[in-house]
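Q: Structure: final.txt, compact mmCIF, C-alpha atoms.
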```txt
# COMPACT_ATOMS: atom_id res chain seq x y z
CA MET A 1 2.65 16.87 2.67
CA PRO A 2 3.63 14.06 2.10
CA TYR A 3 1.77 11.88 4.58
CA VAL A 4 3.37 8.53 5.37
CA THR A 5 1.68 5.58 7.07
CA VAL A 6 3.75 2.65 8.33
CA LYS A 7 1.67 -0.41 9.16
CA MET A 8 3.38 -3.21 11.05
CA ILE A 9 2.99 -5.95 13.63
CA GLU A 10 2.98 -4.60 17.17
CA GLY A 11 6.04 -5.02 19.34
CA ARG A 12 8.67 -2.52 18.21
CA SER A 13 10.30 -0.57 21.04
CA GLU A 14 9.92 3.17 21.54
CA GLU A 15 13.54 3.55 20.45
CA GLN A 16 12.80 1.78 17.19
CA LYS A 17 9.69 3.82 16.53
CA ARG A 18 11.50 7.08 17.26
CA ALA A 19 14.27 6.16 14.84
CA LEU A 20 11.74 4.92 12.28
CA VAL A 21 9.87 8.21 12.00
CA GLU A 22 13.10 10.19 11.97
CA LYS A 23 14.77 8.18 9.23
CA VAL A 24 11.66 7.81 7.10
CA THR A 25 11.03 11.55 7.28
CA ALA A 26 14.59 12.23 6.16
CA ALA A 27 14.27 9.77 3.27
CA VAL A 28 11.02 11.35 2.08
CA SER A 29 12.42 14.87 2.36
CA GLU A 30 15.62 14.01 0.49
CA THR A 31 13.84 12.32 -2.41
CA THR A 32 10.75 14.50 -2.84
CA GLY A 33 12.21 17.84 -1.90
CA ALA A 34 9.52 18.46 0.69
CA PRO A 35 10.72 20.36 3.77
CA THR A 36 11.05 18.11 6.82
CA GLU A 37 8.51 20.12 8.82
CA ASN A 38 5.81 19.42 6.22
CA ILE A 39 6.13 15.64 6.47
CA THR A 40 3.77 13.64 8.67
CA VAL A 41 4.26 10.02 9.72
CA PHE A 42 1.60 7.75 11.22
CA ILE A 43 2.43 4.37 12.75
CA GLU A 44 -0.33 1.77 12.70
CA GLU A 45 0.20 -1.42 14.67
CA MET A 46 -1.70 -4.62 14.11
CA SER A 47 -1.85 -7.72 16.26
CA LYS A 48 -0.84 -11.13 14.88
CA ASN A 49 -4.42 -12.37 14.77
CA HIS A 50 -5.39 -9.54 12.44
CA TYR A 51 -2.78 -10.15 9.75
CA ALA A 52 -2.71 -12.99 7.25
CA VAL A 53 -0.60 -13.90 4.25
CA GLY A 54 -1.73 -16.81 2.10
CA GLY A 55 -4.97 -17.16 4.06
CA VAL A 56 -3.27 -18.00 7.38
CA ARG A 57 -2.98 -15.49 10.19
CA ALA A 58 0.43 -14.80 11.74
CA SER A 59 -1.04 -15.96 15.07
CA ASP A 60 -1.94 -19.36 13.61
CA LYS A 61 1.49 -20.22 12.23
CA MET B 1 -0.89 -8.54 -4.18
CA PRO B 2 -3.84 -8.04 -3.77
CA TYR B 3 -4.08 -6.52 -0.30
CA VAL B 4 -7.44 -6.82 1.42
CA THR B 5 -8.59 -4.85 4.45
CA VAL B 6 -11.71 -5.90 6.34
CA LYS B 7 -12.99 -3.24 8.71
CA MET B 8 -15.68 -4.25 11.18
CA ILE B 9 -17.09 -3.76 14.67
CA GLU B 10 -15.05 -5.59 17.31
CA GLY B 11 -16.37 -8.79 18.81
CA ARG B 12 -15.90 -11.59 16.30
CA SER B 13 -14.36 -14.77 17.72
CA GLU B 14 -10.96 -16.09 16.74
CA GLU B 15 -12.73 -18.91 14.90
CA GLN B 16 -14.67 -16.41 12.84
CA LYS B 17 -11.59 -14.35 12.04
CA ARG B 18 -9.62 -17.43 11.05
CA ALA B 19 -12.39 -18.51 8.69
CA LEU B 20 -12.82 -14.98 7.39
CA VAL B 21 -9.23 -14.59 6.21
CA GLU B 22 -9.20 -18.09 4.75
CA LYS B 23 -12.43 -17.71 2.76
CA VAL B 24 -11.72 -14.16 1.62
CA THR B 25 -8.26 -15.17 0.41
CA ALA B 26 -9.77 -18.05 -1.56
CA ALA B 27 -12.40 -15.75 -3.11
CA VAL B 28 -9.78 -13.21 -4.17
CA SER B 29 -7.49 -15.88 -5.61
CA GLU B 30 -10.28 -17.55 -7.55
CA THR B 31 -11.55 -14.34 -9.12
CA THR B 32 -8.31 -12.44 -9.76
CA GLY B 33 -6.02 -15.34 -10.57
CA ALA B 34 -3.49 -14.25 -7.95
CA PRO B 35 -1.73 -17.14 -6.19
CA THR B 36 -2.98 -17.62 -2.62
CA GLU B 37 0.47 -17.02 -1.14
CA ASN B 38 0.57 -13.52 -2.64
CA ILE B 39 -2.65 -12.37 -0.98
CA THR B 40 -2.56 -10.39 2.25
CA VAL B 41 -5.52 -9.75 4.54
CA PHE B 42 -5.69 -7.14 7.30
CA ILE B 43 -8.50 -7.06 9.86
CA GLU B 44 -9.28 -3.70 11.41
CA GLU B 45 -11.67 -3.59 14.33
CA MET B 46 -13.53 -0.52 15.47
CA SER B 47 -15.46 0.07 18.68
CA LYS B 48 -19.13 1.05 18.62
CA ASN B 49 -18.41 4.60 19.71
CA HIS B 50 -16.18 5.15 16.68
CA TYR B 51 -18.68 4.17 14.02
CA ALA B 52 -21.72 6.14 12.89
CA VAL B 53 -24.30 5.82 10.16
CA GLY B 54 -26.69 8.70 9.62
CA GLY B 55 -24.85 10.85 12.14
CA VAL B 56 -25.54 8.56 15.13
CA ARG B 57 -22.87 6.29 16.59
CA ALA B 58 -23.61 2.58 17.02
CA SER B 59 -22.98 3.07 20.74
CA ASP B 60 -25.72 5.71 20.98
CA LYS B 61 -28.50 3.66 19.41
CA MET C 1 -20.63 -3.34 8.02
CA PRO C 2 -18.12 -4.88 7.33
CA TYR C 3 -16.29 -2.67 4.84
CA VAL C 4 -13.80 -4.42 2.59
CA THR C 5 -11.10 -2.75 0.51
CA VAL C 6 -9.24 -4.71 -2.17
CA LYS C 7 -6.09 -2.98 -3.39
CA MET C 8 -4.44 -4.37 -6.49
CA ILE C 9 -2.48 -3.58 -9.64
CA GLU C 10 -4.71 -2.18 -12.39
CA GLY C 11 -5.68 -4.34 -15.31
CA ARG C 12 -8.38 -6.76 -14.17
CA SER C 13 -11.37 -7.02 -16.49
CA GLU C 14 -14.86 -5.92 -15.57
CA GLU C 15 -15.85 -9.58 -15.44
CA GLN C 16 -13.13 -10.27 -12.90
CA LYS C 17 -14.06 -7.28 -10.78
CA ARG C 18 -17.75 -8.20 -10.84
CA ALA C 19 -16.94 -11.73 -9.71
CA LEU C 20 -14.47 -10.45 -7.14
CA VAL C 21 -16.96 -8.28 -5.27
CA GLU C 22 -19.62 -10.97 -5.45
CA LYS C 23 -17.43 -13.77 -4.10
CA VAL C 24 -15.72 -11.64 -1.46
CA THR C 25 -19.08 -10.41 -0.19
CA ALA C 26 -20.32 -14.00 0.07
CA ALA C 27 -17.17 -15.05 1.95
CA VAL C 28 -17.50 -12.20 4.43
CA SER C 29 -21.19 -12.84 4.99
CA GLU C 30 -20.70 -16.55 5.52
CA THR C 31 -17.91 -16.17 8.05
CA THR C 32 -19.02 -13.10 10.00
CA GLY C 33 -22.76 -13.62 9.91
CA ALA C 34 -23.35 -10.14 8.49
CA PRO C 35 -26.24 -9.92 6.01
CA THR C 36 -25.05 -9.55 2.42
CA GLU C 37 -26.82 -6.21 1.98
CA ASN C 38 -24.77 -4.69 4.82
CA ILE C 39 -21.41 -5.50 3.25
CA THR C 40 -19.54 -2.87 1.22
CA VAL C 41 -16.59 -3.55 -1.08
CA PHE C 42 -14.20 -0.94 -2.48
CA ILE C 43 -11.70 -1.73 -5.22
CA GLU C 44 -8.57 0.40 -5.31
CA GLU C 45 -6.26 0.07 -8.28
CA MET C 46 -2.64 1.14 -8.37
CA SER C 47 -0.31 1.51 -11.30
CA LYS C 48 2.97 -0.43 -11.47
CA ASN C 49 5.07 2.65 -10.84
CA HIS C 50 3.31 3.22 -7.52
CA TYR C 51 3.93 -0.19 -5.99
CA ALA C 52 7.23 -1.54 -4.71
CA VAL C 53 8.34 -4.65 -2.88
CA GLY C 54 11.92 -4.79 -1.63
CA GLY C 55 12.53 -1.18 -2.63
CA VAL C 56 12.00 -1.77 -6.36
CA ARG C 57 8.82 -0.70 -8.15
CA ALA C 58 6.90 -3.23 -10.23
CA SER C 59 7.45 -0.93 -13.21
CA ASP C 60 11.24 -1.14 -12.80
CA LYS C 61 11.53 -4.91 -12.75
CA MET D 1 -21.90 6.99 0.50
CA PRO D 2 -19.92 9.13 1.27
CA TYR D 3 -17.64 7.46 3.81
CA VAL D 4 -15.77 9.78 6.12
CA THR D 5 -12.77 8.89 8.29
CA VAL D 6 -11.59 11.25 11.01
CA LYS D 7 -8.14 10.42 12.33
CA MET D 8 -6.99 12.18 15.48
CA ILE D 9 -4.99 11.91 18.68
CA GLU D 10 -6.84 9.96 21.37
CA GLY D 11 -8.43 11.79 24.24
CA ARG D 12 -11.63 13.41 23.01
CA SER D 13 -14.65 12.87 25.26
CA GLU D 14 -17.70 10.87 24.25
CA GLU D 15 -19.61 14.15 24.08
CA GLN D 16 -17.11 15.55 21.62
CA LYS D 17 -17.15 12.41 19.47
CA ARG D 18 -20.94 12.34 19.43
CA ALA D 19 -21.07 15.96 18.30
CA LEU D 20 -18.26 15.39 15.80
CA VAL D 21 -20.04 12.65 13.88
CA GLU D 22 -23.33 14.54 13.96
CA LYS D 23 -21.92 17.83 12.67
CA VAL D 24 -19.63 16.24 10.09
CA THR D 25 -22.51 14.17 8.73
CA ALA D 26 -24.64 17.29 8.41
CA ALA D 27 -21.83 19.17 6.63
CA VAL D 28 -21.32 16.33 4.14
CA SER D 29 -25.03 15.98 3.48
CA GLU D 30 -25.52 19.70 2.96
CA THR D 31 -22.65 20.07 0.51
CA THR D 32 -22.86 16.82 -1.47
CA GLY D 33 -26.61 16.33 -1.47
CA ALA D 34 -26.29 12.81 -0.07
CA PRO D 35 -29.10 11.84 2.32
CA THR D 36 -27.97 11.78 5.95
CA GLU D 37 -28.81 8.08 6.36
CA ASN D 38 -26.35 7.17 3.59
CA ILE D 39 -23.36 8.83 5.25
CA THR D 40 -20.94 6.80 7.34
CA VAL D 41 -18.33 8.20 9.72
CA PHE D 42 -15.38 6.31 11.20
CA ILE D 43 -13.25 7.72 14.01
CA GLU D 44 -9.67 6.49 14.20
CA GLU D 45 -7.63 7.40 17.24
CA MET D 46 -3.87 7.34 17.42
CA SER D 47 -1.59 7.58 20.42
CA LYS D 48 1.05 10.30 20.69
CA ASN D 49 3.91 7.90 20.12
CA HIS D 50 2.46 6.90 16.75
CA TYR D 51 2.19 10.36 15.24
CA ALA D 52 5.05 12.54 14.04
CA VAL D 53 5.36 15.85 12.23
CA GLY D 54 8.81 16.92 11.08
CA GLY D 55 10.32 13.60 12.11
CA VAL D 56 9.54 14.01 15.83
CA ARG D 57 6.71 12.13 17.52
CA ALA D 58 4.13 14.06 19.53
CA SER D 59 5.18 11.97 22.55
CA ASP D 60 8.79 13.17 22.23
CA LYS D 61 8.07 16.88 22.19
CA MET E 1 -4.57 17.13 13.26
CA PRO E 2 -7.29 15.89 12.77
CA TYR E 3 -7.02 14.37 9.29
CA VAL E 4 -10.29 13.79 7.48
CA THR E 5 -10.81 11.60 4.42
CA VAL E 6 -14.04 11.79 2.44
CA LYS E 7 -14.50 8.88 0.05
CA MET E 8 -17.28 9.17 -2.52
CA ILE E 9 -18.41 8.34 -6.04
CA GLU E 10 -16.86 10.66 -8.62
CA GLY E 11 -18.91 13.41 -10.18
CA ARG E 12 -19.29 16.21 -7.65
CA SER E 13 -18.58 19.69 -9.05
CA GLU E 14 -15.69 21.86 -7.98
CA GLU E 15 -18.20 24.10 -6.21
CA GLN E 16 -19.47 21.15 -4.18
CA LYS E 17 -15.97 19.98 -3.30
CA ARG E 18 -14.93 23.48 -2.25
CA ALA E 19 -17.95 23.79 0.01
CA LEU E 20 -17.46 20.25 1.30
CA VAL E 21 -13.94 20.82 2.61
CA GLU E 22 -14.88 24.21 4.06
CA LYS E 23 -17.94 22.97 5.94
CA VAL E 24 -16.35 19.73 7.12
CA THR E 25 -13.32 21.62 8.42
CA ALA E 26 -15.60 23.98 10.34
CA ALA E 27 -17.56 21.07 11.81
CA VAL E 28 -14.39 19.31 12.97
CA SER E 29 -12.94 22.48 14.44
CA GLU E 30 -16.13 23.35 16.31
CA THR E 31 -16.55 19.90 17.87
CA THR E 32 -12.94 18.92 18.61
CA GLY E 33 -11.52 22.32 19.47
CA ALA E 34 -8.72 21.96 16.92
CA PRO E 35 -7.75 25.21 15.20
CA THR E 36 -8.95 25.37 11.60
CA GLU E 37 -5.43 25.69 10.21
CA ASN E 38 -4.45 22.34 11.75
CA ILE E 39 -7.21 20.38 10.00
CA THR E 40 -6.51 18.52 6.78
CA VAL E 41 -9.13 17.12 4.40
CA PHE E 42 -8.53 14.58 1.64
CA ILE E 43 -11.14 13.77 -1.00
CA GLU E 44 -10.97 10.32 -2.55
CA GLU E 45 -13.16 9.59 -5.54
CA MET E 46 -14.10 6.15 -6.74
CA SER E 47 -15.71 5.10 -9.99
CA LYS E 48 -18.99 3.17 -10.01
CA ASN E 49 -17.33 -0.05 -11.09
CA HIS E 50 -15.13 -0.01 -7.99
CA TYR E 51 -17.87 0.27 -5.39
CA ALA E 52 -20.30 -2.44 -4.35
CA VAL E 53 -22.96 -2.82 -1.69
CA GLY E 54 -24.52 -6.25 -1.22
CA GLY E 55 -22.11 -7.81 -3.68
CA VAL E 56 -23.30 -5.77 -6.68
CA ARG E 57 -21.29 -2.87 -8.08
CA ALA E 58 -22.97 0.51 -8.55
CA SER E 59 -22.11 0.21 -12.26
CA ASP E 60 -24.04 -3.06 -12.55
CA LYS E 61 -27.31 -1.82 -11.06
CA MET F 1 5.70 -6.39 6.61
CA PRO F 2 5.89 -3.43 7.20
CA TYR F 3 3.60 -1.80 4.64
CA VAL F 4 4.29 1.84 3.90
CA THR F 5 1.94 4.26 2.14
CA VAL F 6 3.19 7.63 0.92
CA LYS F 7 0.41 10.03 0.03
CA MET F 8 1.36 13.20 -1.83
CA ILE F 9 0.33 15.75 -4.43
CA GLU F 10 0.81 14.45 -7.97
CA GLY F 11 3.70 15.68 -10.04
CA ARG F 12 6.87 13.96 -8.84
CA SER F 13 9.02 12.49 -11.61
CA GLU F 14 9.66 8.81 -12.10
CA GLU F 15 13.21 9.39 -10.92
CA GLN F 16 11.94 10.89 -7.68
CA LYS F 17 9.46 8.09 -7.10
CA ARG F 18 12.09 5.44 -7.78
CA ALA F 19 14.45 7.05 -5.28
CA LEU F 20 11.62 7.57 -2.79
CA VAL F 21 10.67 3.90 -2.54
CA GLU F 22 14.31 2.83 -2.43
CA LYS F 23 15.30 5.21 0.37
CA VAL F 24 12.14 4.73 2.40
CA THR F 25 12.52 0.97 2.21
CA ALA F 26 16.11 1.25 3.42
CA ALA F 27 15.05 3.52 6.30
CA VAL F 28 12.33 1.13 7.41
CA SER F 29 14.60 -1.90 7.18
CA GLU F 30 17.40 -0.23 9.14
CA THR F 31 15.16 0.92 11.98
CA THR F 32 12.74 -1.99 12.34
CA GLY F 33 15.06 -4.85 11.47
CA ALA F 34 12.69 -6.13 8.79
CA PRO F 35 14.46 -7.64 5.76
CA THR F 36 14.26 -5.36 2.70
CA GLU F 37 12.41 -7.97 0.64
CA ASN F 38 9.55 -8.00 3.16
CA ILE F 39 8.86 -4.28 2.91
CA THR F 40 6.13 -2.96 0.63
CA VAL F 41 5.66 0.67 -0.42
CA PHE F 42 2.55 2.16 -1.99
CA ILE F 43 2.50 5.63 -3.52
CA GLU F 44 -0.84 7.42 -3.56
CA GLU F 45 -1.13 10.64 -5.51
CA MET F 46 -3.81 13.24 -5.03
CA SER F 47 -4.72 16.19 -7.20
CA LYS F 48 -4.68 19.73 -5.81
CA ASN F 49 -8.46 20.00 -5.81
CA HIS F 50 -8.72 17.00 -3.49
CA TYR F 51 -6.45 18.25 -0.74
CA ALA F 52 -7.20 20.99 1.76
CA VAL F 53 -5.50 22.43 4.81
CA GLY F 54 -7.42 24.94 6.91
CA GLY F 55 -10.56 24.41 4.86
CA VAL F 56 -9.07 25.69 1.59
CA ARG F 57 -8.04 23.37 -1.22
CA ALA F 58 -4.52 23.60 -2.66
CA SER F 59 -6.15 24.34 -6.02
CA ASP F 60 -7.96 27.37 -4.59
CA LYS F 61 -4.92 29.10 -3.11
```
Can I see the file as structure tokens?
A:
Amino acid sequence: MPYVTVKMIEGRSEEQKRALVEKVTAAVSETTGAPTENITVFIEEMSKNHYAVGGVRASDK
Amino acid sequence: MPYVTVKMIEGRSEEQKRALVEKVTAAVSETTGAPTENITVFIEEMSKNHYAVGGVRASDK
Amino acid sequence: MPYVTVKMIEGRSEEQKRALVEKVTAAVSETTGAPTENITVFIEEMSKNHYAVGGVRASDK
Amino acid sequence: MPYVTVKMIEGRSEEQKRALVEKVTAAVSETTGAPTENITVFIEEMSKNHYAVGGVRASDK
Amino acid sequence: MPYVTVKMIEGRSEEQKRALVEKVTAAVSETTGAPTENITVFIEEMSKNHYAVGGVRASDK
Amino acid sequence: MPYVTVKMIEGRSEEQKRALVEKVTAAVSETTGAPTENITVFIEEMSKNHYAVGGVRASDK
């Protein structure tokens, strides 16, 4: 605890994802006081045809 | 805001998904008063072997 | 199936929520072909201090 | 109702997933009193590079 | 891992919830092979006015 | 985009939550390259009787 889910469009590199979970974990630990080893991060990727703002999918723009 | 997630079995066409996000966004805007451009829709697809009602997966029926 | 989740700031009236689930269900049925009785809608409300865009919570603006 | 989501690392066999949804459905029915046919189970798989505990992804260990 | 979320209408007793997480954890452990201590269960309750099947909320039936 | 959800036991102060969303947003922006204003953070709190590790709820320990 805490459990963090980051949902984003697919396409980030492994380097970016590795840094993402590391930095987000540090930010959560620093601000909540939870020990780093208790923090879980999930990455969820979505494709552009499954994401829409304003009624238009990212794949249709 | 609002954020809408539609979870369904995979297999809808791109035409259906395009219409889905458009019509759902309109329905949410009309009933909540939120401007269309503030509404986000996520589609999440699941495969038949990852979905069960009554303890039996759709892929096992 | 499908399962729809609508996440929004708290404060909509019961009338708005009733219309919301009715209209969203109709939109999903029309565009996916799923029978109305198979469609589930969940409303999730969040308070302003639990929602942030750009790093600032809605309650701090 | 209820709706159960099981999130886990990818790689379980179809036999394991079939047993999982069957046994979980039975456990939920027994303890909540909900009829088996009203219980829904979703399986969500994640890859090792999308899951981190303690700031380190399972794929980086 | 795994992480299990059980979403249901509010109103179950503490006894039921205690039994629910115990039995569900056992079912997941038995079928996936994950050690009990690695399994997490979240209960999410919803009120009847936030849950609709067929476009009608449970609170409006 | 991205959308970040932080799920944790209730009880953090407003100061902690304010810092949490600010620091997490900065961490996501820095590592994914997404502009700060495009990043959304949701906080979800759970009570101790709705959270279990190893089949035992936090409220029962």
Q: Tell me which of B:Glu15, B:Glu30, B:Glu22, B:Glu44 sits closest to chain D, counting only C-alpha atoms.
A: B:Glu44
Q: Which polymer residues have any atom within 8 Å of an atom of range 51-56 of chain B, counting only C-alpha atoms, with same-chain residues fewer than 4 positions away left out, as a list of chain:residue names?
A: B:Met46, B:Ser47, B:Asp60, B:Lys61, D:Arg18, D:Val21, D:Glu22, D:Lys23, D:Val24, D:Thr25, D:Ala26, D:Thr36, D:Glu37, D:Asn38, D:Ile39, D:Thr40, D:Val41, D:Phe42, D:Ile43
Q: How many Å lie between CA of Ser59 in chain E and CA of Arg57 in chain F, rounded to one decimal?
A: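 Interatomic distance here is 29.3 Å.
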Q: Suppose you want the space between CA of Pro2 in chain A and CA of Met8 in chain B; what is it in Å?
A: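 One can read the CA of Pro2 in chain A to CA of Met8 in chain B distance as 28.1 Å.
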Q: What is the CA of Val4 in chain F to CA of Thr32 in chain B distance in Å?
A: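 Those two atoms sit 23.4 Å apart.
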Q: Which is closest to chain E among F:Ala58, F:Tyr3, F:Gly33, F:His50, if we use only C-alpha atoms?
A: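 Among F:Ala58, F:Tyr3, F:Gly33, F:His50, it is F:His50 that comes nearest to chain E.
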Q: Write out as a list of chain:residue names which residues come within 7 Å of Thr31 in chain D when counting all atoms listed in the file, dropping same-chain ones fewer than 4 positions away.
A: D:Ala27, E:Gln16, E:Ala19, E:Leu20
Q: Got time to write the residues from that selection, C-alpha atoms, as a JSON list (two decimals), keeping the file's coordinate frame?
A:
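That gives us out.json:
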```json
[["chain", "number", "residue", "atom", "x", "y", "z"],
["D", 27, "ALA", "CA", -21.83, 19.17, 6.63],
["E", 16, "GLN", "CA", -19.47, 21.15, -4.18],
["E", 19, "ALA", "CA", -17.95, 23.79, 0.01],
["E", 20, "LEU", "CA", -17.46, 20.25, 1.30]]
```
Q: I need the residue nearest chain D from this list: E:Lys48, E:Val28, E:Pro35, E:Glu10. Use all atoms listed in the file for the distance.
A: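 For chain D, the nearest of the candidates is E:Val28.
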